[in-house]
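Below: coords_4.pdb (PDB, C-alpha atoms)
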ATOM      1  CA  MET C 358     -34.855 -16.884 -40.273  1.00  0.00           C
ATOM      2  CA  LYS C 359     -33.372 -13.494 -41.212  1.00  0.00           C
ATOM      3  CA  LYS C 360     -34.536 -12.076 -37.857  1.00  0.00           C
ATOM      4  CA  LEU C 361     -32.817 -14.916 -35.994  1.00  0.00           C
ATOM      5  CA  LEU C 362     -29.538 -14.358 -37.893  1.00  0.00           C
ATOM      6  CA  LEU C 363     -29.735 -10.608 -37.287  1.00  0.00           C
ATOM      7  CA  ALA C 364     -30.390 -11.102 -33.544  1.00  0.00           C
ATOM      8  CA  THR C 365     -27.492 -13.562 -33.306  1.00  0.00           C
ATOM      9  CA  ALA C 366     -25.131 -11.173 -35.115  1.00  0.00           C
ATOM     10  CA  LEU C 367     -26.126  -8.290 -32.828  1.00  0.00           C
ATOM     11  CA  CYS C 368     -25.560 -10.443 -29.717  1.00  0.00           C
ATOM     12  CA  ILE C 369     -22.114 -11.487 -30.906  1.00  0.00           C
ATOM     13  CA  ALA C 370     -21.166  -7.905 -31.794  1.00  0.00           C
ATOM     14  CA  GLY C 371     -22.304  -6.763 -28.368  1.00  0.00           C
ATOM     15  CA  CYS C 372     -19.939  -9.225 -26.682  1.00  0.00           C
ATOM     16  CA  VAL C 373     -16.766  -7.803 -28.195  1.00  0.00           C
ATOM     17  CA  ALA C 374     -14.425  -6.341 -25.558  1.00  0.00           C
ATOM     18  CA  PRO C 375     -13.558  -2.653 -25.817  1.00  0.00           C
ATOM     19  CA  ALA C 376     -10.274  -1.762 -27.481  1.00  0.00           C
ATOM     20  CA  GLN C 377      -7.112  -1.522 -25.386  1.00  0.00           C
ATOM     21  CA  GLY C 378      -6.967   1.870 -23.678  1.00  0.00           C
ATOM     22  CA  SER C 379     -10.660   2.511 -24.204  1.00  0.00           C
ATOM     23  CA  ASP C 380     -12.523   4.523 -21.582  1.00  0.00           C
ATOM     24  CA  VAL C 381     -15.588   2.293 -21.873  1.00  0.00           C
ATOM     25  CA  VAL C 382     -16.099  -0.565 -19.462  1.00  0.00           C
ATOM     26  CA  ALA C 383     -18.100  -3.729 -20.185  1.00  0.00           C
ATOM     27  CA  THR C 384     -21.320  -2.098 -18.950  1.00  0.00           C
ATOM     28  CA  GLY C 385     -20.970   0.666 -21.537  1.00  0.00           C
ATOM     29  CA  ALA C 386     -20.448   3.355 -18.870  1.00  0.00           C
ATOM     30  CA  ALA C 387     -17.512   5.742 -19.255  1.00  0.00           C
ATOM     31  CA  ILE C 388     -14.733   5.695 -16.658  1.00  0.00           C
ATOM     32  CA  ASP C 389     -14.746   8.845 -14.530  1.00  0.00           C
ATOM     33  CA  PRO C 390     -11.170  10.242 -14.637  1.00  0.00           C
ATOM     34  CA  ALA C 391     -11.902  12.312 -11.504  1.00  0.00           C
ATOM     35  CA  HIS C 392     -11.809   9.163  -9.362  1.00  0.00           C
ATOM     36  CA  ASN C 393      -8.261   8.075  -8.622  1.00  0.00           C
ATOM     37  CA  SER C 394      -6.244   6.713  -5.712  1.00  0.00           C
ATOM     38  CA  ARG C 395      -5.699  10.162  -4.242  1.00  0.00           C
ATOM     39  CA  ASN C 396      -9.342  11.153  -3.983  1.00  0.00           C
ATOM     40  CA  SER C 397     -11.138   7.785  -3.902  1.00  0.00           C
ATOM     41  CA  LEU C 398      -9.102   5.669  -1.477  1.00  0.00           C
ATOM     42  CA  ASP C 399      -8.519   5.922   2.254  1.00  0.00           C
ATOM     43  CA  TRP C 400      -4.748   5.991   1.635  1.00  0.00           C
ATOM     44  CA  PRO C 401      -3.251   7.723   4.738  1.00  0.00           C
ATOM     45  CA  GLY C 402      -1.789   5.124   7.077  1.00  0.00           C
ATOM     46  CA  VAL C 403       1.043   2.700   7.725  1.00  0.00           C
ATOM     47  CA  TYR C 404       2.212   0.206   5.082  1.00  0.00           C
ATOM     48  CA  THR C 405       4.598  -2.677   5.794  1.00  0.00           C
ATOM     49  CA  GLY C 406       6.347  -5.475   3.958  1.00  0.00           C
ATOM     50  CA  THR C 407       9.705  -7.027   3.194  1.00  0.00           C
ATOM     51  CA  VAL C 408      11.053  -6.251  -0.265  1.00  0.00           C
ATOM     52  CA  PRO C 409      13.893  -8.192  -1.920  1.00  0.00           C
ATOM     53  CA  CYS C 410      17.486  -7.096  -1.360  1.00  0.00           C
ATOM     54  CA  ALA C 411      20.523  -7.797  -3.558  1.00  0.00           C
ATOM     55  CA  ASP C 412      22.981  -8.276  -0.682  1.00  0.00           C
ATOM     56  CA  CYS C 413      20.811  -9.151   2.339  1.00  0.00           C
ATOM     57  CA  GLU C 414      17.854 -11.370   3.303  1.00  0.00           C
ATOM     58  CA  GLY C 415      15.329  -8.619   2.554  1.00  0.00           C
ATOM     59  CA  ILE C 416      14.479  -5.063   3.509  1.00  0.00           C
ATOM     60  CA  ALA C 417      11.758  -4.846   6.167  1.00  0.00           C
ATOM     61  CA  THR C 418      10.000  -1.639   5.118  1.00  0.00           C
ATOM     62  CA  THR C 419       7.511   0.494   7.009  1.00  0.00           C
ATOM     63  CA  ILE C 420       6.078   3.670   5.474  1.00  0.00           C
ATOM     64  CA  ARG C 421       3.601   6.049   7.084  1.00  0.00           C
ATOM     65  CA  LEU C 422       1.808   8.335   4.633  1.00  0.00           C
ATOM     66  CA  ASN C 423       0.258  11.331   6.376  1.00  0.00           C
ATOM     67  CA  ALA C 424      -2.747  13.198   4.980  1.00  0.00           C
ATOM     68  CA  GLU C 425      -0.897  16.532   4.821  1.00  0.00           C
ATOM     69  CA  GLY C 426       1.724  15.114   2.426  1.00  0.00           C
ATOM     70  CA  SER C 427       4.535  14.070   4.749  1.00  0.00           C
ATOM     71  CA  TYR C 428       5.905  10.576   5.228  1.00  0.00           C
ATOM     72  CA  GLU C 429       8.047   8.583   7.651  1.00  0.00           C
ATOM     73  CA  ARG C 430       9.980   5.553   6.434  1.00  0.00           C
ATOM     74  CA  GLU C 431      11.929   2.854   8.262  1.00  0.00           C
ATOM     75  CA  LEU C 432      14.155   0.327   6.476  1.00  0.00           C
ATOM     76  CA  LEU C 433      15.771  -2.656   8.219  1.00  0.00           C
ATOM     77  CA  TYR C 434      18.291  -4.633   6.157  1.00  0.00           C
ATOM     78  CA  LEU C 435      17.698  -8.167   7.431  1.00  0.00           C
ATOM     79  CA  GLY C 436      20.807 -10.233   8.160  1.00  0.00           C
ATOM     80  CA  LYS C 437      22.976  -7.170   7.670  1.00  0.00           C
ATOM     81  CA  SER C 438      22.043  -4.740  10.438  1.00  0.00           C
ATOM     82  CA  ASP C 439      20.077  -4.704  13.675  1.00  0.00           C
ATOM     83  CA  THR C 440      19.458  -0.965  13.455  1.00  0.00           C
ATOM     84  CA  PRO C 441      16.878   0.381  11.006  1.00  0.00           C
ATOM     85  CA  THR C 442      17.500   3.501   8.963  1.00  0.00           C
ATOM     86  CA  ARG C 443      14.813   6.150   9.169  1.00  0.00           C
ATOM     87  CA  ASP C 444      13.984   9.081   6.988  1.00  0.00           C
ATOM     88  CA  THR C 445      11.186  11.567   6.697  1.00  0.00           C
ATOM     89  CA  GLY C 446      10.132  14.051   4.104  1.00  0.00           C
ATOM     90  CA  MET C 447       7.332  15.098   1.851  1.00  0.00           C
ATOM     91  CA  PHE C 448       5.654  13.128  -0.908  1.00  0.00           C
ATOM     92  CA  SER C 449       3.908  14.331  -4.024  1.00  0.00           C
ATOM     93  CA  TRP C 450       1.239  12.840  -6.278  1.00  0.00           C
ATOM     94  CA  ASP C 451       1.655  12.451 -10.018  1.00  0.00           C
ATOM     95  CA  ASP C 452      -0.864  14.011 -12.415  1.00  0.00           C
ATOM     96  CA  SER C 453      -2.926  10.808 -12.574  1.00  0.00           C
ATOM     97  CA  GLY C 454      -3.381  10.785  -8.783  1.00  0.00           C
ATOM     98  CA  SER C 455      -2.210   7.186  -8.494  1.00  0.00           C
ATOM     99  CA  ILE C 456       1.554   7.385  -7.854  1.00  0.00           C
ATOM    100  CA  VAL C 457       3.343   9.029  -4.951  1.00  0.00           C
ATOM    101  CA  THR C 458       6.981  10.085  -4.982  1.00  0.00           C
ATOM    102  CA  LEU C 459       8.774  10.050  -1.638  1.00  0.00           C
ATOM    103  CA  GLN C 460      11.185  12.962  -1.536  1.00  0.00           C
ATOM    104  CA  PRO C 461      13.655  12.451   1.334  1.00  0.00           C
ATOM    105  CA  THR C 462      15.808  15.314   2.548  1.00  0.00           C
ATOM    106  CA  GLN C 463      18.812  13.118   1.660  1.00  0.00           C
ATOM    107  CA  GLY C 464      19.066  10.229  -0.774  1.00  0.00           C
ATOM    108  CA  GLU C 465      17.110   9.103  -3.801  1.00  0.00           C
ATOM    109  CA  VAL C 466      13.407   9.536  -4.430  1.00  0.00           C
ATOM    110  CA  GLN C 467      11.201   6.431  -4.446  1.00  0.00           C
ATOM    111  CA  LEU C 468       7.965   5.877  -6.354  1.00  0.00           C
ATOM    112  CA  TYR C 469       4.943   3.878  -5.161  1.00  0.00           C
ATOM    113  CA  GLN C 470       1.635   3.204  -6.863  1.00  0.00           C
ATOM    114  CA  VAL C 471      -1.192   3.558  -4.355  1.00  0.00           C
ATOM    115  CA  GLY C 472      -3.771   0.775  -4.461  1.00  0.00           C
ATOM    116  CA  GLU C 473      -6.575  -0.401  -2.213  1.00  0.00           C
ATOM    117  CA  ASN C 474      -4.788  -0.987   1.153  1.00  0.00           C
ATOM    118  CA  ARG C 475      -1.387  -1.444  -0.520  1.00  0.00           C
ATOM    119  CA  LEU C 476       1.593   0.330  -2.008  1.00  0.00           C
ATOM    120  CA  PHE C 477       3.312  -1.125  -5.064  1.00  0.00           C
ATOM    121  CA  HIS C 478       7.052  -0.408  -5.007  1.00  0.00           C
ATOM    122  CA  LEU C 479       7.900   0.912  -8.487  1.00  0.00           C
ATOM    123  CA  ASP C 480      11.181   0.864 -10.396  1.00  0.00           C
ATOM    124  CA  ARG C 481      13.142   4.053 -11.127  1.00  0.00           C
ATOM    125  CA  THR C 482      11.166   4.715 -14.293  1.00  0.00           C
ATOM    126  CA  GLY C 483       7.814   4.477 -12.490  1.00  0.00           C
ATOM    127  CA  ASN C 484       6.808   1.009 -13.671  1.00  0.00           C
ATOM    128  CA  ARG C 485       5.643  -1.906 -11.578  1.00  0.00           C
ATOM    129  CA  ILE C 486       8.317  -4.482 -10.972  1.00  0.00           C
ATOM    130  CA  SER C 487       7.604  -7.667 -12.911  1.00  0.00           C
ATOM    131  CA  GLY C 488       8.925 -11.194 -12.780  1.00  0.00           C
ATOM    132  CA  ASP C 489       8.996 -13.980 -10.217  1.00  0.00           C
ATOM    133  CA  LEU C 490       9.547 -11.622  -7.255  1.00  0.00           C
ATOM    134  CA  SER C 491       6.944  -9.012  -8.232  1.00  0.00           C
ATOM    135  CA  ALA C 492       4.540 -10.018  -5.431  1.00  0.00           C
ATOM    136  CA  ARG C 493       7.255  -9.237  -2.875  1.00  0.00           C
ATOM    137  CA  TYR C 494       7.352  -5.581  -3.944  1.00  0.00           C
ATOM    138  CA  VAL C 495       3.972  -4.859  -2.349  1.00  0.00           C
ATOM    139  CA  LEU C 496       3.553  -3.171   1.047  1.00  0.00           C
ATOM    140  CA  MET C 497       0.282  -3.909   2.820  1.00  0.00           C
ATOM    141  CA  ARG C 498      -1.601  -1.351   4.876  1.00  0.00           C
ATOM    142  CA  ALA C 499      -1.734  -2.061   8.604  1.00  0.00           C
ATOM    143  CA  GLN C 500      -5.377  -2.253   9.597  1.00  0.00           C
ATOM    144  CA  ARG C 501      -6.497  -0.259  12.623  1.00  0.00           C
ATOM    145  CA  ASP C 502      -8.916  -1.879  15.019  1.00  0.00           C
ATOM    146  CA  PRO C 503     -10.796   0.774  17.051  1.00  0.00           C
ATOM    147  CA  ARG C 504     -11.850  -1.921  19.524  1.00  0.00           C
ATOM    148  CA  ILE C 505      -8.268  -2.256  20.796  1.00  0.00           C
ATOM    149  CA  GLU C 506      -6.444   0.903  19.700  1.00  0.00           C
ATOM    150  CA  ASP C 507      -6.580   4.324  21.332  1.00  0.00           C
ATOM    151  CA  ARG C 508      -7.729   2.847  24.651  1.00  0.00           C
ATOM    152  CA  LYS C 509      -6.103   2.477  28.052  1.00  0.00           C
ATOM    153  CA  TRP C 510      -5.207  -1.085  28.990  1.00  0.00           C
ATOM    154  CA  LEU C 511      -4.153  -2.601  32.295  1.00  0.00           C
ATOM    155  CA  LEU C 512      -1.814  -5.587  32.246  1.00  0.00           C
ATOM    156  CA  ILE C 513      -3.015  -8.155  34.779  1.00  0.00           C
ATOM    157  CA  GLU C 514      -1.349 -11.359  33.590  1.00  0.00           C
ATOM    158  CA  VAL C 515       1.779 -12.394  31.674  1.00  0.00           C
ATOM    159  CA  MET C 516       2.110 -15.985  30.445  1.00  0.00           C
ATOM    160  CA  GLY C 517      -0.418 -17.187  33.020  1.00  0.00           C
ATOM    161  CA  ARG C 518       1.194 -15.388  35.961  1.00  0.00           C
ATOM    162  CA  PRO C 519      -0.636 -12.498  37.653  1.00  0.00           C
ATOM    163  CA  VAL C 520       0.986  -9.069  37.516  1.00  0.00           C
ATOM    164  CA  GLN C 521       0.727  -6.691  40.489  1.00  0.00           C
ATOM    165  CA  LEU C 522       1.122  -2.937  40.427  1.00  0.00           C
ATOM    166  CA  THR C 523       3.747  -1.687  42.910  1.00  0.00           C
ATOM    167  CA  ALA C 524       4.363   1.928  43.903  1.00  0.00           C
ATOM    168  CA  ASP C 525       8.167   1.904  43.501  1.00  0.00           C
ATOM    169  CA  VAL C 526       8.746   0.199  40.139  1.00  0.00           C
ATOM    170  CA  GLY C 527       5.362  -0.009  38.483  1.00  0.00           C
ATOM    171  CA  LEU C 528       4.407  -3.502  37.380  1.00  0.00           C
ATOM    172  CA  LYS C 529       5.753  -6.614  39.101  1.00  0.00           C
ATOM    173  CA  ALA C 530       5.452 -10.128  37.745  1.00  0.00           C
TER
END
Can the structure in the file be given as structure tokens, please?
Amino acid sequence: MKKLLLATALCIAGCVAPAQGSDVVATGAAIDPAHNSRNSLDWPGVYTGTVPCADCEGIATTIRLNAEGSYERELLYLGKSDTPTRDTGMFSWDDSGSIVTLQPTQGEVQLYQVGENRLFHLDRTGNRISGDLSARYVLMRAQRDPRIEDRKWLLIEVMGRPVQLTADVGLKA
């Protein structure tokens, strides 16, 4: 009976979750701090989404993060302007390797947490935005499809009508 009680106690003790902030996961293996967004994710690419706006319908946002540390950003204020604003600059990683700071040549810096195929728009203090609209502060990575990108294509039909190539103006519908 004592052996059964001891085995039960050990099983229950083994099921206790690690303390908050612990570097031990449920399997007992330590988390490797060398693996972070910067060195473990395929983060270069284009991210898009529409974030909330205080005085417009939303801000259609496109950000290209380049491997050498530069970025290109386009913001379109929906319902307010038909012309997007564009800026470029460099970005830097924080010490944890999970947050990038866009540093435009003009204007304010912007922080994003880099996740698997997404950027989380952060507030000015570097925290994730919480509340009912938090899901709208996420930019998703545009997925490249090598089967259709970086290839030459010939347009032969538009809306069921054949297209012919002409020498003077190019394509003719």
Can you list what the PyMOL selection byres ((chain C and resi 482) around 12) grabs from this structure, as a PyMOL selection string?
chain C and resi 456+458+466-469+478-481+483-486
Shell of 7 Å around C:Gly415, all atoms listed in the file, local chain residues under 4 positions omitted, as a PDB file with C-alpha atoms, keeping the file's coordinate frame:
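What landed in around-v4.pdb:
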ATOM      1  CA  THR C 407       9.705  -7.027   3.194  1.00  0.00           C
ATOM      2  CA  VAL C 408      11.053  -6.251  -0.265  1.00  0.00           C
ATOM      3  CA  PRO C 409      13.893  -8.192  -1.920  1.00  0.00           C
ATOM      4  CA  CYS C 410      17.486  -7.096  -1.360  1.00  0.00           C
ATOM      5  CA  TYR C 434      18.291  -4.633   6.157  1.00  0.00           C
ATOM      6  CA  LEU C 435      17.698  -8.167   7.431  1.00  0.00           C
TER       7      LEU C 435
END
Selection result for the PyMOL selection byres ((chain C and resi 464) around 12) on this file, as an MDAnalysis selection string:
chainID C and resid 442:446 459:463 465:467
Name the residues that the PyMOL selection byres ((chain C and resi 499) around 8) pulls out of this structure, and write them as a JSON list (two decimals) with C-alpha atoms, in the frame of the given file.
[["chain", "number", "residue", "atom", "x", "y", "z"],
["C", 402, "GLY", "CA", -1.79, 5.12, 7.08],
["C", 403, "VAL", "CA", 1.04, 2.70, 7.72],
["C", 404, "TYR", "CA", 2.21, 0.21, 5.08],
["C", 405, "THR", "CA", 4.60, -2.68, 5.79],
["C", 497, "MET", "CA", 0.28, -3.91, 2.82],
["C", 498, "ARG", "CA", -1.60, -1.35, 4.88],
["C", 500, "GLN", "CA", -5.38, -2.25, 9.60],
["C", 501, "ARG", "CA", -6.50, -0.26, 12.62]]
Quick one, how far is atom CA of C:Asp451 from atom CA of C:Gly488?
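Computing the Euclidean distance for atom CA of C:Asp451 and atom CA of C:Gly488 yields 24.9 Å.
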Between C:Glu425, C:Val515, C:Tyr494, C:Gly454, which has the minimum distance to C:His392 (counting only C-alpha atoms)?
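Answer, going by the shortest atom-to-atom distance: C:Gly454.
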Shell of 9 Å around C:Arg395, all atoms listed in the file, local chain residues under 3 positions omitted, as a PyMOL selection string
chain C and resi 392+398-400+450+453-456+471
Separation of atom CA of C:Arg475 from atom CA of C:Asp489, in Å and rounded to one decimal:
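Result for atom CA of C:Arg475 versus atom CA of C:Asp489: 18.9 Å, one decimal.
We find atom CA of C:Leu496 and atom CA of C:Leu476 to be spaced 5.0 Å apart.
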At a cut-off of 12 Å, using only C-alpha atoms, what residues contact C:Thr440? Leave out same-chain residues fewer than 6 positions from it and give the result as a ChimeraX atom specification.
/C:416-417,431-434
